[in-house]
Amino acid sequence: MNLPVECVPNFSEGRDAARVAALEAAIASVPGSYVLHRTSDADHNRSVITFAGEPEAVLEAAVRAAARAAELIDLNHHRGVHPRLGALDVLPFVPLGDTTLADCVALAHRAGERIWRELRVPVYFYQAAAIRPGRAPLEKIRQGEFEGLRENTLSDETKRPDLGGPELHPTAGAVIVGARPILIAYNINLATADLSIAKNIARAVRTSSGGLPCVKALGFPLASRGRVQVSMNLTDFNVTPPHVVYAEVSRLAAAAGVTVAESELIGLIPRKAVEMGFANALKLPDFASSSVIETCLASRASAK
């Protein structure tokens, strides 16, 4: 199946299964929009739904998801360890196949315009879709979160949304819409409840603190599990793949006297990243994708 655009909305709901199912149903209600994966986390109180399809179908599904989120989620009653600004917090469009990043930028801008025009939920644009200097990094826009920005947008023009406002929506906040290449959302959970250890490791591995390239990282408590988490986005897995991050976090954890309990993927991962980790673990320097039987057969089939 050729699906040229992926969309990975992050919703501020990870505890109410019925609400999450309703969000997924809104996406799936559009013909040609295919839900590929869903991850929910109660401690983060956040869900990530991955879907893909033709551009127009993806656009329509994204707007329907934004509408459903605004109906179901009230940020005044939302609590979770993950930063958030909106009921539909982040809405990235990702190019697949022959689709270009510029195509997804145009799609992001159209989605943002519809969300504001039809739903009256303000919009910020980030990453490749950013239209204001300094707004490409997601964390810059979301600084202060819903509670802080609800006040700051009224007094500080630099904090105001790109579309709508200056007030945030009273319950749905604002949607941060963007376009970006594929990233890997990857978390490593440590067998300790000491949050300072996770925060120190996150600081050590993230790019902005001089750590590994193309890595964003934060330390979070996982109260329901009695553990802490190093939560990461790997923005270019070709530069820093998951197995490299895992090795470094494991090393730093051991130095702090703790062990890795488990790691987890949020959403989907490119096959190449899996193959890179496999080749590294088995010390196969000459490993190639063509060594995978399914890949080889698929290549032969597509050549016919």
# chains A, B, ... in the order shown; residues from 1 in each chain; ligands from 1
call {"tool": "closest_atom_pairs", "arguments": {"of": "stretch 172-245 of chain A", "to": "stretch 12-20 of chain A", "cutoff": "12 Å", "atoms": "only C-alpha atoms", "output": "tab-separated table"}}
result
residue	atom	partner	partner_atom	distance
A:Ala172	CA	A:Ser12	CA	9.6
A:Gly173	CA	A:Ser12	CA	10.6
A:Ala174	CA	A:Ser12	CA	11.6
A:Val175	CA	A:Ser12	CA	11.0
A:Ser224	CA	A:Arg15	CA	12.0
call {"tool": "write_last_selection", "arguments": {"atoms": "N, CA and C atoms", "output": "mmCIF file, in the first residue's frame"}}
result
data_model
loop_
_atom_site.group_PDB
_atom_site.id
_atom_site.type_symbol
_atom_site.label_atom_id
_atom_site.label_comp_id
_atom_site.auth_asym_id
_atom_site.auth_seq_id
_atom_site.Cartn_x
_atom_site.Cartn_y
_atom_site.Cartn_z
ATOM 1 N N ALA A 172 -9.486 23.797 25.222
ATOM 2 C CA ALA A 172 -8.653 23.022 24.287
ATOM 3 C C ALA A 172 -7.280 23.624 24.073
ATOM 4 N N GLY A 173 -7.006 24.804 24.622
ATOM 5 C CA GLY A 173 -5.687 25.400 24.507
ATOM 6 C C GLY A 173 -5.361 25.837 23.096
ATOM 7 N N ALA A 174 -4.313 25.256 22.523
ATOM 8 C CA ALA A 174 -3.891 25.550 21.152
ATOM 9 C C ALA A 174 -3.281 24.288 20.565
ATOM 10 N N VAL A 175 -3.295 24.203 19.236
ATOM 11 C CA VAL A 175 -2.691 23.072 18.543
ATOM 12 C C VAL A 175 -1.374 23.520 17.933
ATOM 13 N N SER A 224 2.938 5.347 38.693
ATOM 14 C CA SER A 224 2.148 4.119 38.715
ATOM 15 C C SER A 224 3.019 2.874 38.664
#
call {"tool": "residues_around", "arguments": {"residues": "A:Arg203", "least_positions_apart": "6", "cutoff": "8 Å", "atoms": "only C-alpha atoms", "output": "list in words"}}
result
Ser209, Gly211, Ala217 and Leu218 of chain A
call {"tool": "write_last_selection", "arguments": {"atoms": "N, CA and C atoms", "output": "CSV table (one decimal), in the first residue's frame"}}
result
chain,number,residue,atom,x,y,z
A,209,SER,N,22.4,20.0,25.6
A,209,SER,CA,23.3,20.0,26.8
A,209,SER,C,24.7,19.5,26.4
A,211,GLY,N,25.2,16.6,24.6
A,211,GLY,CA,25.2,15.1,24.6
A,211,GLY,C,25.3,14.6,23.2
A,217,ALA,N,15.7,15.0,25.1
A,217,ALA,CA,15.5,14.1,26.2
A,217,ALA,C,15.0,14.9,27.5
A,218,LEU,N,14.1,14.2,28.2
A,218,LEU,CA,13.6,14.7,29.5
A,218,LEU,C,13.5,13.6,30.5
call {"tool": "select_by_dssp", "arguments": {"residues": "stretch 85-251 of chain A", "states": "strand (DSSP E or B)", "output": "PyMOL selection string"}}
result
chain A and resi 86+88-95+123-127+163+169+173+175-179+184-190+215-222+227-234
call {"tool": "write_last_selection", "arguments": {"atoms": "N, CA and C atoms", "output": "short mmCIF file (atom, residue, chain, number, x, y, z; two decimals), in the first residue's frame"}}
result
data_model
loop_
_atom_site.label_atom_id
_atom_site.label_comp_id
_atom_site.auth_asym_id
_atom_site.auth_seq_id
_atom_site.Cartn_x
_atom_site.Cartn_y
_atom_site.Cartn_z
N GLY A 86 -2.13 21.82 24.28
CA GLY A 86 -3.45 21.66 23.69
C GLY A 86 -4.08 20.32 23.96
N LEU A 88 -5.53 18.54 21.52
CA LEU A 88 -4.66 17.97 20.49
C LEU A 88 -3.41 18.81 20.57
N ASP A 89 -2.37 18.25 21.16
CA ASP A 89 -1.20 19.04 21.54
C ASP A 89 -0.27 19.29 20.36
N VAL A 90 0.09 18.24 19.66
CA VAL A 90 1.04 18.35 18.55
C VAL A 90 0.49 17.60 17.35
N LEU A 91 0.60 18.21 16.18
CA LEU A 91 0.05 17.62 14.95
C LEU A 91 1.11 17.71 13.84
N PRO A 92 2.03 16.73 13.79
CA PRO A 92 3.06 16.76 12.74
C PRO A 92 2.67 15.95 11.51
N PHE A 93 2.99 16.50 10.34
CA PHE A 93 2.83 15.81 9.06
C PHE A 93 4.21 15.37 8.59
N VAL A 94 4.30 14.11 8.16
CA VAL A 94 5.59 13.49 7.86
C VAL A 94 5.58 12.93 6.44
N PRO A 95 6.55 13.29 5.60
CA PRO A 95 6.57 12.78 4.24
C PRO A 95 7.02 11.32 4.17
N VAL A 123 -3.59 28.28 16.72
CA VAL A 123 -2.58 27.39 16.15
C VAL A 123 -1.20 28.03 16.20
N TYR A 124 -0.22 27.23 16.56
CA TYR A 124 1.20 27.57 16.41
C TYR A 124 1.78 26.64 15.35
N PHE A 125 2.71 27.14 14.54
CA PHE A 125 3.40 26.32 13.57
C PHE A 125 4.84 26.09 14.01
N TYR A 126 5.30 24.82 13.90
CA TYR A 126 6.64 24.49 14.37
C TYR A 126 7.41 23.68 13.32
N GLN A 127 8.65 23.41 13.66
CA GLN A 127 9.59 22.66 12.83
C GLN A 127 9.63 23.27 11.42
N LEU A 163 -1.97 31.72 14.40
CA LEU A 163 -3.33 31.91 13.92
C LEU A 163 -4.27 31.96 15.11
N HIS A 169 -7.83 28.82 23.51
CA HIS A 169 -9.16 28.26 23.70
C HIS A 169 -9.30 27.93 25.19
N GLY A 173 -7.01 24.80 24.62
CA GLY A 173 -5.69 25.40 24.51
C GLY A 173 -5.36 25.84 23.10
N VAL A 175 -3.30 24.20 19.24
CA VAL A 175 -2.69 23.07 18.54
C VAL A 175 -1.37 23.52 17.93
N ILE A 176 -0.34 22.73 18.12
CA ILE A 176 0.98 23.01 17.53
C ILE A 176 1.11 22.13 16.30
N VAL A 177 1.06 22.75 15.12
CA VAL A 177 1.01 22.03 13.86
C VAL A 177 2.36 22.17 13.15
N GLY A 178 2.86 21.06 12.60
CA GLY A 178 4.17 21.15 11.96
C GLY A 178 4.38 20.12 10.87
N ALA A 179 5.55 20.19 10.29
CA ALA A 179 6.00 19.21 9.30
C ALA A 179 7.43 18.86 9.66
N ILE A 184 12.06 9.03 15.85
CA ILE A 184 11.75 7.88 16.70
C ILE A 184 11.54 8.37 18.12
N ALA A 185 10.35 8.13 18.65
CA ALA A 185 10.06 8.44 20.05
C ALA A 185 10.40 7.20 20.86
N TYR A 186 11.40 7.33 21.72
CA TYR A 186 11.98 6.17 22.39
C TYR A 186 12.22 6.51 23.86
N ASN A 187 11.67 5.69 24.75
CA ASN A 187 11.80 5.91 26.19
C ASN A 187 12.56 4.75 26.84
N ILE A 188 13.35 5.08 27.84
CA ILE A 188 14.04 4.06 28.62
C ILE A 188 13.66 4.24 30.09
N ASN A 189 13.09 3.20 30.67
CA ASN A 189 12.63 3.23 32.05
C ASN A 189 13.67 2.61 32.97
N LEU A 190 13.96 3.29 34.06
CA LEU A 190 15.00 2.86 34.99
C LEU A 190 14.38 2.23 36.24
N VAL A 215 19.28 14.30 19.53
CA VAL A 215 18.54 13.68 20.63
C VAL A 215 17.93 14.77 21.51
N LYS A 216 16.63 14.67 21.74
CA LYS A 216 15.94 15.48 22.74
C LYS A 216 15.57 14.55 23.89
N ALA A 217 15.74 15.00 25.11
CA ALA A 217 15.49 14.10 26.25
C ALA A 217 15.02 14.87 27.47
N LEU A 218 14.10 14.23 28.21
CA LEU A 218 13.63 14.74 29.49
C LEU A 218 13.52 13.57 30.47
N GLY A 219 13.59 13.88 31.76
CA GLY A 219 13.39 12.87 32.78
C GLY A 219 12.02 13.01 33.41
N PHE A 220 11.28 11.91 33.51
CA PHE A 220 9.92 11.94 34.04
C PHE A 220 9.75 10.88 35.13
N PRO A 221 8.88 11.14 36.12
CA PRO A 221 8.50 10.09 37.07
C PRO A 221 7.39 9.22 36.49
N LEU A 222 7.43 7.95 36.78
CA LEU A 222 6.35 7.03 36.42
C LEU A 222 5.77 6.49 37.72
N ARG A 227 8.89 3.83 38.98
CA ARG A 227 10.13 3.99 38.21
C ARG A 227 10.25 5.41 37.69
N VAL A 228 11.36 5.68 37.05
CA VAL A 228 11.54 6.96 36.36
C VAL A 228 11.90 6.66 34.91
N GLN A 229 11.77 7.67 34.09
CA GLN A 229 11.93 7.47 32.64
C GLN A 229 12.82 8.54 32.02
N VAL A 230 13.68 8.09 31.11
CA VAL A 230 14.38 9.01 30.23
C VAL A 230 13.61 8.97 28.90
N SER A 231 12.85 10.03 28.65
CA SER A 231 11.97 10.10 27.49
C SER A 231 12.67 10.87 26.39
N MET A 232 12.75 10.27 25.19
CA MET A 232 13.57 10.86 24.13
C MET A 232 12.87 10.90 22.78
N ASN A 233 13.21 11.91 22.00
CA ASN A 233 12.92 11.96 20.58
C ASN A 233 14.24 11.93 19.84
N LEU A 234 14.39 10.95 18.95
CA LEU A 234 15.59 10.85 18.12
C LEU A 234 15.24 11.47 16.78
#
call {"tool": "closest_residue", "arguments": {"among": "A:Glu71, A:Glu248, A:Glu167, A:Glu6", "to": "A:Arg206", "atoms": "only C-alpha atoms"}}
result
A:Glu248
call {"tool": "closest_residue", "arguments": {"among": "A:Leu107, A:Leu168, A:Ile266, A:Val292", "to": "A:Ala279", "atoms": "only C-alpha atoms"}}
result
A:Val292
call {"tool": "residues_around", "arguments": {"residues": "A:Asp156", "least_positions_apart": "6", "cutoff": "12 Å", "atoms": "only C-alpha atoms", "output": "list of chain:residue names"}}
result
A:Gly148, A:Leu149, A:Arg150, A:Gly165, A:Pro166, A:Glu167
call {"tool": "residues_around", "arguments": {"residues": "A:Pro4", "least_positions_apart": "5", "cutoff": "12 Å", "atoms": "only C-alpha atoms", "output": "tab-separated table (two decimals) with N, CA and C atoms, in the first residue's frame"}}
result
chain	number	residue	atom	x	y	z
A	32	GLY	N	-9.82	6.44	3.16
A	32	GLY	CA	-8.44	6.65	2.72
A	32	GLY	C	-7.49	7.06	3.82
A	33	SER	N	-8.01	7.18	5.06
A	33	SER	CA	-7.16	7.45	6.22
A	33	SER	C	-7.01	6.15	6.99
A	34	TYR	N	-5.78	5.69	7.19
A	34	TYR	CA	-5.53	4.38	7.77
A	34	TYR	C	-4.79	4.52	9.10
A	51	PHE	N	-1.30	7.60	11.85
A	51	PHE	CA	-2.11	7.22	10.69
A	51	PHE	C	-1.46	7.76	9.42
A	52	ALA	N	-1.93	7.26	8.29
A	52	ALA	CA	-1.33	7.65	7.01
A	52	ALA	C	-2.36	7.54	5.90
A	53	GLY	N	-2.03	8.13	4.76
A	53	GLY	CA	-2.93	8.07	3.61
A	53	GLY	C	-2.56	9.11	2.58
A	54	GLU	N	-3.48	9.32	1.65
A	54	GLU	CA	-3.31	10.38	0.66
A	54	GLU	C	-3.45	11.74	1.35
A	55	PRO	N	-2.80	12.77	0.82
A	55	PRO	CA	-2.79	14.07	1.51
A	55	PRO	C	-4.16	14.61	1.91
A	56	GLU	N	-5.13	14.56	0.99
A	56	GLU	CA	-6.44	15.14	1.31
A	56	GLU	C	-7.14	14.34	2.41
A	57	ALA	N	-6.99	13.02	2.39
A	57	ALA	CA	-7.59	12.20	3.43
A	57	ALA	C	-6.94	12.47	4.78
A	58	VAL	N	-5.63	12.58	4.78
A	58	VAL	CA	-4.91	12.85	6.02
A	58	VAL	C	-5.28	14.22	6.57
A	93	PHE	N	2.99	16.50	10.34
A	93	PHE	CA	2.83	15.81	9.06
A	93	PHE	C	4.21	15.37	8.59
A	94	VAL	N	4.30	14.11	8.16
A	94	VAL	CA	5.59	13.49	7.86
A	94	VAL	C	5.58	12.93	6.44
A	95	PRO	N	6.55	13.29	5.60
A	95	PRO	CA	6.57	12.78	4.24
A	95	PRO	C	7.02	11.32	4.17
A	96	LEU	N	6.32	10.54	3.35
A	96	LEU	CA	6.69	9.15	3.07
A	96	LEU	C	6.87	9.00	1.56
A	97	GLY	N	7.66	8.01	1.17
A	97	GLY	CA	7.84	7.74	-0.25
A	97	GLY	C	8.40	8.93	-0.99
A	98	ASP	N	7.71	9.33	-2.05
A	98	ASP	CA	8.18	10.44	-2.88
A	98	ASP	C	7.67	11.80	-2.41
A	99	THR	N	6.88	11.81	-1.35
A	99	THR	CA	6.38	13.08	-0.83
A	99	THR	C	7.53	13.89	-0.25
A	100	THR	N	7.52	15.19	-0.44
A	100	THR	CA	8.60	16.05	0.05
A	100	THR	C	8.20	16.72	1.36
A	101	LEU	N	9.20	17.21	2.06
A	101	LEU	CA	8.92	17.95	3.29
A	101	LEU	C	8.14	19.22	2.95
A	103	ASP	N	5.91	19.53	0.66
A	103	ASP	CA	4.50	19.11	0.52
A	103	ASP	C	3.82	19.08	1.89
A	104	CYS	N	4.54	18.57	2.88
A	104	CYS	CA	3.96	18.46	4.22
A	104	CYS	C	3.86	19.82	4.91
call {"tool": "select_by_dssp", "arguments": {"residues": "stretch 64-156 of chain A", "states": "alpha helix (DSSP H)", "output": "VMD selection string"}}
result
chain A and resid 64 to 72 101 to 119 138 to 142 145 to 155
call {"tool": "write_last_selection", "arguments": {"atoms": "C-alpha atoms", "output": "PDB file, in the first residue's frame"}}
result
ATOM      1  CA  ARG A  64     -11.740  15.796  12.515  1.00  0.00           C
ATOM      2  CA  ALA A  65      -9.358  14.581  15.223  1.00  0.00           C
ATOM      3  CA  ALA A  66      -8.756  18.158  16.344  1.00  0.00           C
ATOM      4  CA  ALA A  67     -12.508  18.750  16.543  1.00  0.00           C
ATOM      5  CA  ARG A  68     -13.101  15.591  18.571  1.00  0.00           C
ATOM      6  CA  ALA A  69     -10.241  16.417  20.939  1.00  0.00           C
ATOM      7  CA  ALA A  70     -11.672  19.890  21.543  1.00  0.00           C
ATOM      8  CA  GLU A  71     -15.028  18.310  22.391  1.00  0.00           C
ATOM      9  CA  LEU A  72     -13.693  15.636  24.733  1.00  0.00           C
ATOM     10  CA  LEU A 101       8.924  17.955   3.285  1.00  0.00           C
ATOM     11  CA  ALA A 102       7.689  21.028   1.381  1.00  0.00           C
ATOM     12  CA  ASP A 103       4.503  19.106   0.524  1.00  0.00           C
ATOM     13  CA  CYS A 104       3.956  18.456   4.219  1.00  0.00           C
ATOM     14  CA  VAL A 105       4.644  22.085   5.119  1.00  0.00           C
ATOM     15  CA  ALA A 106       1.842  23.114   2.763  1.00  0.00           C
ATOM     16  CA  LEU A 107      -0.419  20.471   4.287  1.00  0.00           C
ATOM     17  CA  ALA A 108       0.411  21.655   7.824  1.00  0.00           C
ATOM     18  CA  HIS A 109      -0.460  25.250   6.932  1.00  0.00           C
ATOM     19  CA  ARG A 110      -3.781  24.173   5.413  1.00  0.00           C
ATOM     20  CA  ALA A 111      -4.581  22.082   8.502  1.00  0.00           C
ATOM     21  CA  GLY A 112      -3.758  24.980  10.802  1.00  0.00           C
ATOM     22  CA  GLU A 113      -5.941  27.373   8.837  1.00  0.00           C
ATOM     23  CA  ARG A 114      -8.891  24.968   9.004  1.00  0.00           C
ATOM     24  CA  ILE A 115      -8.447  24.271  12.717  1.00  0.00           C
ATOM     25  CA  TRP A 116      -8.599  27.974  13.498  1.00  0.00           C
ATOM     26  CA  ARG A 117     -11.330  28.844  10.982  1.00  0.00           C
ATOM     27  CA  GLU A 118     -13.637  25.902  11.731  1.00  0.00           C
ATOM     28  CA  LEU A 119     -12.914  25.132  15.384  1.00  0.00           C
ATOM     29  CA  LEU A 138       8.571  22.451  19.713  1.00  0.00           C
ATOM     30  CA  GLU A 139       9.850  22.961  23.242  1.00  0.00           C
ATOM     31  CA  LYS A 140      10.208  26.716  22.679  1.00  0.00           C
ATOM     32  CA  ILE A 141       6.550  27.086  21.747  1.00  0.00           C
ATOM     33  CA  ARG A 142       5.262  24.881  24.570  1.00  0.00           C
ATOM     34  CA  GLU A 145       2.341  25.000  28.940  1.00  0.00           C
ATOM     35  CA  PHE A 146      -1.388  25.656  28.936  1.00  0.00           C
ATOM     36  CA  GLU A 147      -1.543  27.353  32.325  1.00  0.00           C
ATOM     37  CA  GLY A 148       1.384  29.706  31.730  1.00  0.00           C
ATOM     38  CA  LEU A 149       0.668  30.596  28.119  1.00  0.00           C
ATOM     39  CA  ARG A 150      -3.003  31.204  28.905  1.00  0.00           C
ATOM     40  CA  GLU A 151      -1.797  34.303  30.762  1.00  0.00           C
ATOM     41  CA  ASN A 152       1.325  35.157  28.772  1.00  0.00           C
ATOM     42  CA  THR A 153      -0.355  35.402  25.375  1.00  0.00           C
ATOM     43  CA  LEU A 154      -2.434  38.304  26.687  1.00  0.00           C
ATOM     44  CA  SER A 155       0.546  40.408  27.727  1.00  0.00           C
TER      45      SER A 155
END
call {"tool": "residues_around", "arguments": {"residues": "A:Arg79", "least_positions_apart": "5", "cutoff": "10 Å", "atoms": "only C-alpha atoms", "output": "short mmCIF file (atom, residue, chain, number, x, y, z; two decimals) with N, CA and C atoms, in the first residue's frame"}}
result
data_model
loop_
_atom_site.label_atom_id
_atom_site.label_comp_id
_atom_site.auth_asym_id
_atom_site.auth_seq_id
_atom_site.Cartn_x
_atom_site.Cartn_y
_atom_site.Cartn_z
N SER A 12 -3.76 14.98 24.58
CA SER A 12 -3.63 15.09 26.03
C SER A 12 -4.69 14.24 26.73
N GLU A 13 -4.65 12.95 26.47
CA GLU A 13 -5.53 11.98 27.11
C GLU A 13 -4.89 10.60 26.99
N ALA A 42 -0.64 6.28 30.93
CA ALA A 42 -1.40 6.90 32.00
C ALA A 42 -0.58 7.93 32.77
N ASP A 43 0.70 7.67 32.99
CA ASP A 43 1.53 8.63 33.72
C ASP A 43 1.71 9.92 32.92
N HIS A 44 1.97 9.77 31.62
CA HIS A 44 2.06 10.94 30.75
C HIS A 44 0.67 11.56 30.53
N ASN A 45 -0.37 10.74 30.68
CA ASN A 45 -1.75 11.12 30.34
C ASN A 45 -1.78 11.66 28.91
N ARG A 46 -1.33 10.81 28.00
CA ARG A 46 -1.08 11.23 26.63
C ARG A 46 -1.22 10.01 25.71
N ARG A 84 2.27 19.92 27.91
CA ARG A 84 1.21 20.01 26.90
C ARG A 84 0.66 21.42 26.84
#
